[in-house]
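Enquirer: Structure provided below as structure tokens; questions to follow.
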Amino acid sequence: MKAPFSAYLTSIAPGIKKLIDLLGNDYEYVSALATDSPGFAVRVSRHGTSVGGKTMTTERGIVLRLYKDKKYSEYSMNRFDPDAPEKAYEEIKAAMAAQEKILQATGTKVFETEVLDDEPLTLFIEKETEQLPEEADISALVSFLDKLTAECMEKDPEMVECMSIAQSTHISKMFLTKNRDLRQSYVYSEGMIAAVLSREGHTEDSYKGVSGLAGPEIFAQLKDVAPDAVKQAQELLNAERIVPGEYEVITSPEVTGLIAHEAFGHGVEMDQFVKNRALGKEYIDKRVGSDLVTMHEGALCAENVTSYAFDDEGVLAGDVTEIENGILKTGICDALSALRLGTQPTGNGKRENFEHKAYTRMTNTIFDSGDSSVEDMIASVKFGYLLEGMKSGMEDPKHWGIQCIITMGREIKDGKLTGKVVSPVLMTGYVPDLLGNISMLSGDREVFGNGGCGKGHKEWVKVSDGGPYMKTKALLG
């Protein structure tokens with residue numbers, strides 16, 4: 001079935017268009033992004049169950065972008081009467097006049113920018129889904145998760161907690177200008193199961209997730225990944241500490257995705273180029289990795305939780321080749337930063353919600369596959385580790401340092417897995433070194449969309465990342 005576009009947004013569209021016409025008498029450019037995205041979040045553990053209607057992306061509201069005298073202003077609202085756009089027009093005019101007085105009184109310098117393009121374009125997209133979150137049988141889902149949680153608790157006497165989470169959101173967005181009318185509707189869902197084991201005061205946890213451009217039907221897959229979460233927690237409880245040093249490593253697709261996100265994710269968000277806050281600006285058309293390294297970024301380069309048709313600035317989604325055979329070709333860019341840099345936007349302008357400004361943000365960030373088998377990759381390692389599972393990561397875009405906290409490493413000696421597990425594993429290094437040492441890539445790849453990404457410590461949005469198994473050298477501790 002098609003994910004139906006919001007009836008609410010359809011009903012207010014004529015009023016918003018009238019408001020845009022009214023504001024057009026005072027401004028050179030006016031756009032409106034209207035959102036209506038319902039969803040649910042269910043959490044079940046041995047201690048209780050919670051059901052709510054809020055996920056990272058549930059929202060309903062409107063944000064207007066206004067341009068005059070080489071500067072942009074924005075105004076957001078969560079109440080709008082489509083039969084009285086004149087009232088909203090007067091409120092916005094008053095708010096903008098007050099803002100101008102503050103700028104003048106404080107002597108604030110505003111970054112002057114050219115006007116955005118407003119070429120005529122019409123788009124209406126309703127993506128396929130099997131189920132809608134607003135029609136889901138929540139009682140049946142709670143029963144399923146409750147049974148799954150109970151089954152996991154019975155897997156090991158040292159299990160102290162098991163938690164199942166299921167979230168689904170129906171996204172509807174409408175972008176309107178004088179000449180543009182873009183509308184899209186899609187459903188994404190994500191689920192996770194976490195196992196916690198404890199022995200003599202020592203506690204370890206592990207999680208496995210499922211995600212996709214799909215409805216609540218995807219949660220049935222949690223039954224398949226639950227045993228892996230339990231097994232990994234059991235292994236972590238018996239893991240040893242790693243001896244710090246440089247090792248040959250093979251990263252699982254999940255860890256490969258973490259590297260993609262942290263190494264050449266934030267570092268090539270080109271709003272950082274505007275104020276010279278990213279080293280990547282100096283490396284365009286220069287080598288940053290081995291010949292095997294090709295990396296894509298964009299809502300169209302994979303299908304997962306952030307695969308939309310257009311971004312929050314009305315720019316059509318793209319598939320950007322950031323790195324090609326080791327050479328950094330370009331970054332990703334929101335619309336305003338593109339104007340300031342004299343380049344083209346890439347469809348990566350995203351807002352946390354209608355009350356937040358748009359930044360350059362990642363969507364799907366993916367390393368391309370190679371042609372090696374995982375067995376041959378392991379056989380090629382004299383002494384090192386197969387790294388699995390991700391905890392968190394961070395990078396320094398200005399100096400290209402990277403830090404990834406990885407769940408575990410499986411020891412490899414003389415081309416064979418020994419059975420020894422180490423945890424936790426902290427991987428650090430200089431990004432061009434890490435990517436420059438890539439010597440093998442597997443022929444398959446996976447994409448993961450269970451996480452979120454902040455811009456610094458805030459501005460949280462959905463992202464996904466992934467790639468193949470990857471062999472390189474890295475500093476581990």
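Letters A, B, ... mark the chains of the structure tokens in the order given; residue numbers begin at 1 per chain; ligand numbers begin at 1, in order shown.
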Identify, on the basis of only C-alpha atoms, every residue whose closest approach to Ser76 (chain A) does not exceed 6 Å; exclude the query and any residue fewer than 5 positions from it along the same chain; express the result as an MDAnalysis selection string.
Expert: chainID A and resid 62:63 355
Enquirer: What parts of region 58-194 of chain A does DSSP call alpha helix (DSSP H)? I'd like the answer as a ChimeraX atom specification.
Expert: /A:85-106,138-153
Enquirer: Grab the residues selected above and save them as a compact mmCIF listing (two decimals), in the first residue's frame with N, CA and C atoms.
Expert:
```
# COMPACT_ATOMS: atom_id res chain seq x y z
N PRO A 85 -5.25 33.41 6.87
CA PRO A 85 -3.82 33.63 6.68
C PRO A 85 -3.40 35.07 6.95
N GLU A 86 -4.34 35.99 6.84
CA GLU A 86 -4.03 37.39 7.11
C GLU A 86 -3.57 37.59 8.56
N LYS A 87 -4.18 36.86 9.48
CA LYS A 87 -3.78 36.96 10.88
C LYS A 87 -2.34 36.50 11.07
N ALA A 88 -1.99 35.36 10.46
CA ALA A 88 -0.60 34.87 10.55
C ALA A 88 0.35 35.87 9.91
N TYR A 89 -0.07 36.47 8.80
CA TYR A 89 0.76 37.47 8.11
C TYR A 89 1.09 38.64 9.03
N GLU A 90 0.09 39.16 9.74
CA GLU A 90 0.33 40.29 10.64
C GLU A 90 1.23 39.89 11.80
N GLU A 91 1.06 38.68 12.33
CA GLU A 91 1.90 38.21 13.44
C GLU A 91 3.36 38.06 12.99
N ILE A 92 3.55 37.55 11.79
CA ILE A 92 4.91 37.36 11.28
C ILE A 92 5.57 38.71 11.01
N LYS A 93 4.82 39.65 10.43
CA LYS A 93 5.36 40.98 10.19
C LYS A 93 5.80 41.64 11.50
N ALA A 94 5.00 41.51 12.53
CA ALA A 94 5.34 42.11 13.82
C ALA A 94 6.59 41.45 14.42
N ALA A 95 6.68 40.11 14.31
CA ALA A 95 7.84 39.40 14.84
C ALA A 95 9.11 39.79 14.09
N MET A 96 9.04 39.93 12.78
CA MET A 96 10.21 40.30 11.99
C MET A 96 10.64 41.73 12.27
N ALA A 97 9.67 42.63 12.51
CA ALA A 97 10.00 44.02 12.86
C ALA A 97 10.71 44.07 14.21
N ALA A 98 10.24 43.27 15.16
CA ALA A 98 10.89 43.23 16.47
C ALA A 98 12.30 42.67 16.37
N GLN A 99 12.47 41.64 15.52
CA GLN A 99 13.79 41.06 15.32
C GLN A 99 14.75 42.09 14.72
N GLU A 100 14.27 42.87 13.76
CA GLU A 100 15.11 43.88 13.11
C GLU A 100 15.57 44.93 14.12
N LYS A 101 14.69 45.32 15.04
CA LYS A 101 15.05 46.29 16.06
C LYS A 101 16.16 45.75 16.96
N ILE A 102 16.07 44.47 17.29
CA ILE A 102 17.10 43.85 18.15
C ILE A 102 18.45 43.83 17.43
N LEU A 103 18.43 43.48 16.14
CA LEU A 103 19.68 43.45 15.38
C LEU A 103 20.32 44.83 15.32
N GLN A 104 19.50 45.84 15.10
CA GLN A 104 20.02 47.21 15.02
C GLN A 104 20.53 47.69 16.37
N ALA A 105 19.79 47.36 17.44
CA ALA A 105 20.18 47.82 18.78
C ALA A 105 21.46 47.17 19.25
N THR A 106 21.67 45.93 18.86
CA THR A 106 22.86 45.19 19.32
C THR A 106 24.03 45.30 18.35
N ILE A 138 -1.38 -2.02 18.72
CA ILE A 138 -0.39 -1.82 19.78
C ILE A 138 -0.47 -2.93 20.83
N SER A 139 -1.67 -3.37 21.13
CA SER A 139 -1.82 -4.45 22.13
C SER A 139 -1.12 -5.71 21.67
N ALA A 140 -1.29 -6.05 20.40
CA ALA A 140 -0.62 -7.24 19.87
C ALA A 140 0.88 -7.06 19.86
N LEU A 141 1.35 -5.86 19.54
CA LEU A 141 2.79 -5.59 19.54
C LEU A 141 3.37 -5.70 20.94
N VAL A 142 2.66 -5.17 21.94
CA VAL A 142 3.12 -5.28 23.33
C VAL A 142 3.19 -6.74 23.74
N SER A 143 2.20 -7.52 23.36
CA SER A 143 2.21 -8.95 23.70
C SER A 143 3.40 -9.66 23.06
N PHE A 144 3.68 -9.33 21.80
CA PHE A 144 4.81 -9.93 21.10
C PHE A 144 6.12 -9.56 21.78
N LEU A 145 6.30 -8.29 22.11
CA LEU A 145 7.54 -7.85 22.75
C LEU A 145 7.66 -8.41 24.16
N ASP A 146 6.54 -8.52 24.86
CA ASP A 146 6.55 -9.08 26.21
C ASP A 146 7.00 -10.54 26.18
N LYS A 147 6.49 -11.30 25.21
CA LYS A 147 6.88 -12.70 25.08
C LYS A 147 8.35 -12.82 24.68
N LEU A 148 8.78 -11.95 23.77
CA LEU A 148 10.18 -11.97 23.33
C LEU A 148 11.11 -11.66 24.48
N THR A 149 10.74 -10.69 25.29
CA THR A 149 11.55 -10.32 26.45
C THR A 149 11.62 -11.47 27.45
N ALA A 150 10.50 -12.11 27.70
CA ALA A 150 10.46 -13.24 28.64
C ALA A 150 11.32 -14.40 28.14
N GLU A 151 11.27 -14.68 26.85
CA GLU A 151 12.08 -15.75 26.28
C GLU A 151 13.57 -15.46 26.44
N CYS A 152 13.96 -14.23 26.25
CA CYS A 152 15.36 -13.86 26.42
C CYS A 152 15.80 -14.00 27.87
N MET A 153 14.93 -13.64 28.79
CA MET A 153 15.27 -13.74 30.21
C MET A 153 15.54 -15.19 30.61
```
Enquirer: Rounded to one decimal in Å, what is the spacing between CA of Phe264 (chain A) and CA of Thr55 (chain A)?
Expert: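 CA of Phe264 (chain A) sits 27.2 Å away from CA of Thr55 (chain A).
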Enquirer: For Leu341 (chain A), list every protein, DNA or RNA residue within 12 Å, evaluated using only C-alpha atoms, and leave out those in the same chain fewer than 6 positions away; present the list as a VMD selection string.
Expert: chain A and resid 113 to 114 270 to 276 281 331 to 335
Enquirer: Please produce a file of the residues just selected, as a PDB file, in the first residue's frame, where the atoms kept are N, CA and C atoms.
Expert:
```pdb
ATOM      1  N   THR A 113      23.794  36.849   2.162  1.00  0.00           N
ATOM      2  CA  THR A 113      23.678  35.695   1.278  1.00  0.00           C
ATOM      3  C   THR A 113      22.755  36.042   0.116  1.00  0.00           C
ATOM      4  N   GLU A 114      23.015  35.445  -1.042  1.00  0.00           N
ATOM      5  CA  GLU A 114      22.168  35.684  -2.200  1.00  0.00           C
ATOM      6  C   GLU A 114      20.832  34.953  -2.043  1.00  0.00           C
ATOM      7  N   MET A 270      29.486  20.635   4.606  1.00  0.00           N
ATOM      8  CA  MET A 270      30.113  21.855   4.083  1.00  0.00           C
ATOM      9  C   MET A 270      29.656  23.144   4.759  1.00  0.00           C
ATOM     10  N   ASP A 271      28.674  23.088   5.655  1.00  0.00           N
ATOM     11  CA  ASP A 271      28.421  24.282   6.459  1.00  0.00           C
ATOM     12  C   ASP A 271      29.611  24.544   7.387  1.00  0.00           C
ATOM     13  N   GLN A 272      30.415  23.484   7.640  1.00  0.00           N
ATOM     14  CA  GLN A 272      31.657  23.664   8.396  1.00  0.00           C
ATOM     15  C   GLN A 272      32.734  24.347   7.549  1.00  0.00           C
ATOM     16  N   PHE A 273      32.619  24.236   6.215  1.00  0.00           N
ATOM     17  CA  PHE A 273      33.590  24.883   5.323  1.00  0.00           C
ATOM     18  C   PHE A 273      33.425  26.400   5.331  1.00  0.00           C
ATOM     19  N   VAL A 274      32.189  26.875   5.547  1.00  0.00           N
ATOM     20  CA  VAL A 274      31.916  28.315   5.468  1.00  0.00           C
ATOM     21  C   VAL A 274      32.789  29.092   6.448  1.00  0.00           C
ATOM     22  N   LYS A 275      32.968  28.545   7.650  1.00  0.00           N
ATOM     23  CA  LYS A 275      33.768  29.222   8.677  1.00  0.00           C
ATOM     24  C   LYS A 275      35.110  28.528   8.907  1.00  0.00           C
ATOM     25  N   ASN A 276      35.545  27.739   7.902  1.00  0.00           N
ATOM     26  CA  ASN A 276      36.848  27.068   7.955  1.00  0.00           C
ATOM     27  C   ASN A 276      37.013  26.212   9.210  1.00  0.00           C
ATOM     28  N   LYS A 281      37.971  20.712   3.739  1.00  0.00           N
ATOM     29  CA  LYS A 281      37.925  21.780   2.730  1.00  0.00           C
ATOM     30  C   LYS A 281      39.230  21.875   1.950  1.00  0.00           C
ATOM     31  N   GLY A 331      31.978  17.397  -0.716  1.00  0.00           N
ATOM     32  CA  GLY A 331      31.259  17.161   0.517  1.00  0.00           C
ATOM     33  C   GLY A 331      29.765  17.214   0.255  1.00  0.00           C
ATOM     34  N   ILE A 332      28.983  17.359   1.317  1.00  0.00           N
ATOM     35  CA  ILE A 332      27.536  17.515   1.210  1.00  0.00           C
ATOM     36  C   ILE A 332      27.171  18.900   1.716  1.00  0.00           C
ATOM     37  N   CYS A 333      26.037  19.440   1.253  1.00  0.00           N
ATOM     38  CA  CYS A 333      25.799  20.848   1.519  1.00  0.00           C
ATOM     39  C   CYS A 333      24.310  21.184   1.602  1.00  0.00           C
ATOM     40  N   ASP A 334      23.947  22.012   2.574  1.00  0.00           N
ATOM     41  CA  ASP A 334      22.606  22.575   2.629  1.00  0.00           C
ATOM     42  C   ASP A 334      22.513  23.742   1.649  1.00  0.00           C
ATOM     43  N   ALA A 335      21.327  24.280   1.461  1.00  0.00           N
ATOM     44  CA  ALA A 335      21.097  25.278   0.418  1.00  0.00           C
ATOM     45  C   ALA A 335      21.790  26.613   0.692  1.00  0.00           C
TER      46      ALA A 335
END
```
Enquirer: Which one is closest to Ser206 (chain A): A:Cys301, A:Ile125, A:Cys162, A:Ala263? Count only C-alpha atoms.
Expert: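 Answer, going by the shortest atom-to-atom distance: A:Cys162.
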Enquirer: Which of region 170-370 of chain A end up as strand (DSSP E or B) when DSSP is run on this backbone - answer as number ranges by chain?
Expert: A: 170-176, 180-199, 202-212, 240, 245-251, 269, 287, 295-297, 310, 316, 320-324, 327-328, 332, 349-350, 359-360, 364-367
Enquirer: I need the residue nearest Glu282 (chain A) from this list: A:Ala299, A:Ala317, A:Val268, A:Leu19. Use only C-alpha atoms for the distance.
Expert: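 Checking each of A:Ala299, A:Ala317, A:Val268, A:Leu19 against Glu282 (chain A), counting only C-alpha atoms, the winner is A:Val268.
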Enquirer: Quick one: residues within 9 Å of Asp228 (chain A), only C-alpha atoms, excluding same-chain residues fewer than 4 positions away - as JSON, numbers by chain?
Expert: {"A": [206, 207, 208, 224, 232, 233]}
Enquirer: Taking only C-alpha atoms into account, name the residue in A:Leu292, A:Glu303, A:Asn450, A:Val255 that is nearest to Gly393 (chain A).
Expert: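 Among the listed residues, A:Val255 lies closest to Gly393 (chain A).
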Enquirer: Name all residues at most 8 Å from Glu446 (chain A) (count only C-alpha atoms; drop same-chain ones fewer than 2 positions away) and give them as a count of residues only.
Expert: 7
Enquirer: Counting only C-alpha atoms, what is within 8 Å of region 397-399 of chain A, bar same-chain residues fewer than 4 positions away, as a PyMOL selection string?
Expert: chain A and resi 266-268+277-280
Enquirer: Within 8 Å of Val305 (chain A), counting only C-alpha atoms, which residues qualify if same-chain residues fewer than 4 places away don't, as a list in words?
Expert: Tyr188, Ser189, Glu190, Ser211, Gly212, Leu213, Gly449, Lys462, Val463 and Ser464 of chain A
Enquirer: Output N, CA and C atoms for every residue in the selection just made, as a PDB file, in the first residue's frame.
Expert:
```pdb
ATOM      1  N   TYR A 188       8.959   4.943   8.292  1.00  0.00           N
ATOM      2  CA  TYR A 188      10.170   4.220   8.687  1.00  0.00           C
ATOM      3  C   TYR A 188       9.964   3.660  10.091  1.00  0.00           C
ATOM      4  N   SER A 189      10.642   2.570  10.382  1.00  0.00           N
ATOM      5  CA  SER A 189      10.513   1.914  11.679  1.00  0.00           C
ATOM      6  C   SER A 189      11.865   1.396  12.131  1.00  0.00           C
ATOM      7  N   GLU A 190      12.026   1.288  13.436  1.00  0.00           N
ATOM      8  CA  GLU A 190      13.265   0.750  14.013  1.00  0.00           C
ATOM      9  C   GLU A 190      12.935   0.010  15.302  1.00  0.00           C
ATOM     10  N   SER A 211      15.994  -2.037  11.269  1.00  0.00           N
ATOM     11  CA  SER A 211      15.510  -0.730  10.839  1.00  0.00           C
ATOM     12  C   SER A 211      15.236  -0.772   9.349  1.00  0.00           C
ATOM     13  N   GLY A 212      14.405   0.155   8.891  1.00  0.00           N
ATOM     14  CA  GLY A 212      14.153   0.200   7.467  1.00  0.00           C
ATOM     15  C   GLY A 212      13.051   1.160   7.086  1.00  0.00           C
ATOM     16  N   LEU A 213      12.941   1.396   5.799  1.00  0.00           N
ATOM     17  CA  LEU A 213      11.851   2.185   5.228  1.00  0.00           C
ATOM     18  C   LEU A 213      10.658   1.246   5.126  1.00  0.00           C
ATOM     19  N   GLY A 449      20.242   1.652  10.612  1.00  0.00           N
ATOM     20  CA  GLY A 449      19.573   2.925  10.845  1.00  0.00           C
ATOM     21  C   GLY A 449      18.924   3.061  12.208  1.00  0.00           C
ATOM     22  N   LYS A 462      17.687  11.638  12.347  1.00  0.00           N
ATOM     23  CA  LYS A 462      17.908  10.245  11.991  1.00  0.00           C
ATOM     24  C   LYS A 462      18.973  10.149  10.900  1.00  0.00           C
ATOM     25  N   VAL A 463      19.823   9.128  11.018  1.00  0.00           N
ATOM     26  CA  VAL A 463      20.830   8.830  10.004  1.00  0.00           C
ATOM     27  C   VAL A 463      20.949   7.321   9.881  1.00  0.00           C
ATOM     28  N   SER A 464      21.553   6.870   8.795  1.00  0.00           N
ATOM     29  CA  SER A 464      21.939   5.471   8.684  1.00  0.00           C
ATOM     30  C   SER A 464      23.316   5.405   8.030  1.00  0.00           C
TER      31      SER A 464
END
```
Enquirer: Please measure the separation of CA of Asn238 (chain A) and CA of Ala166 (chain A), giving the value in Å to one decimal.
Expert: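 CA of Ala166 (chain A) lies at a distance of 29.3 Å from CA of Asn238 (chain A).
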Enquirer: Figure out the distance between CA of Gly318 (chain A) and CA of Met470 (chain A), please, to one decimal in Å.
Expert: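 According to the coordinates, CA of Met470 (chain A) and CA of Gly318 (chain A) are separated by 25.3 Å.
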Enquirer: Please report, as CSV, each residue of region 298-360 of chain A lying at most 12 Å from region 424-436 of chain A, together with the nearest pair of atoms and the separation in Å rounded to one decimal; use only C-alpha atoms, and order rows by chain and ascending residue number.
Expert:
```
residue,atom,partner,partner_atom,distance
A:Ile323,CA,A:Leu435,CA,10.7
A:Asn325,CA,A:Gly436,CA,10.7
A:Gly326,CA,A:Gly436,CA,7.7
A:Ile327,CA,A:Gly436,CA,10.5
A:Leu328,CA,A:Pro432,CA,10.5
```
Enquirer: Pick out the closest residue to Asp311 (chain A) from this set: A:Ala220, A:Leu121, A:Met362, A:Val288. Count only C-alpha atoms.
Expert: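 So, comparing all the options, the nearest one is A:Met362.
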Enquirer: So which one's closest to Gly298 (chain A), A:Phe175, A:Tyr385, A:Tyr186, A:Phe310? Using only C-alpha atoms, please.
Expert: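 Smallest separation from Gly298 (chain A) among the options: A:Phe310.
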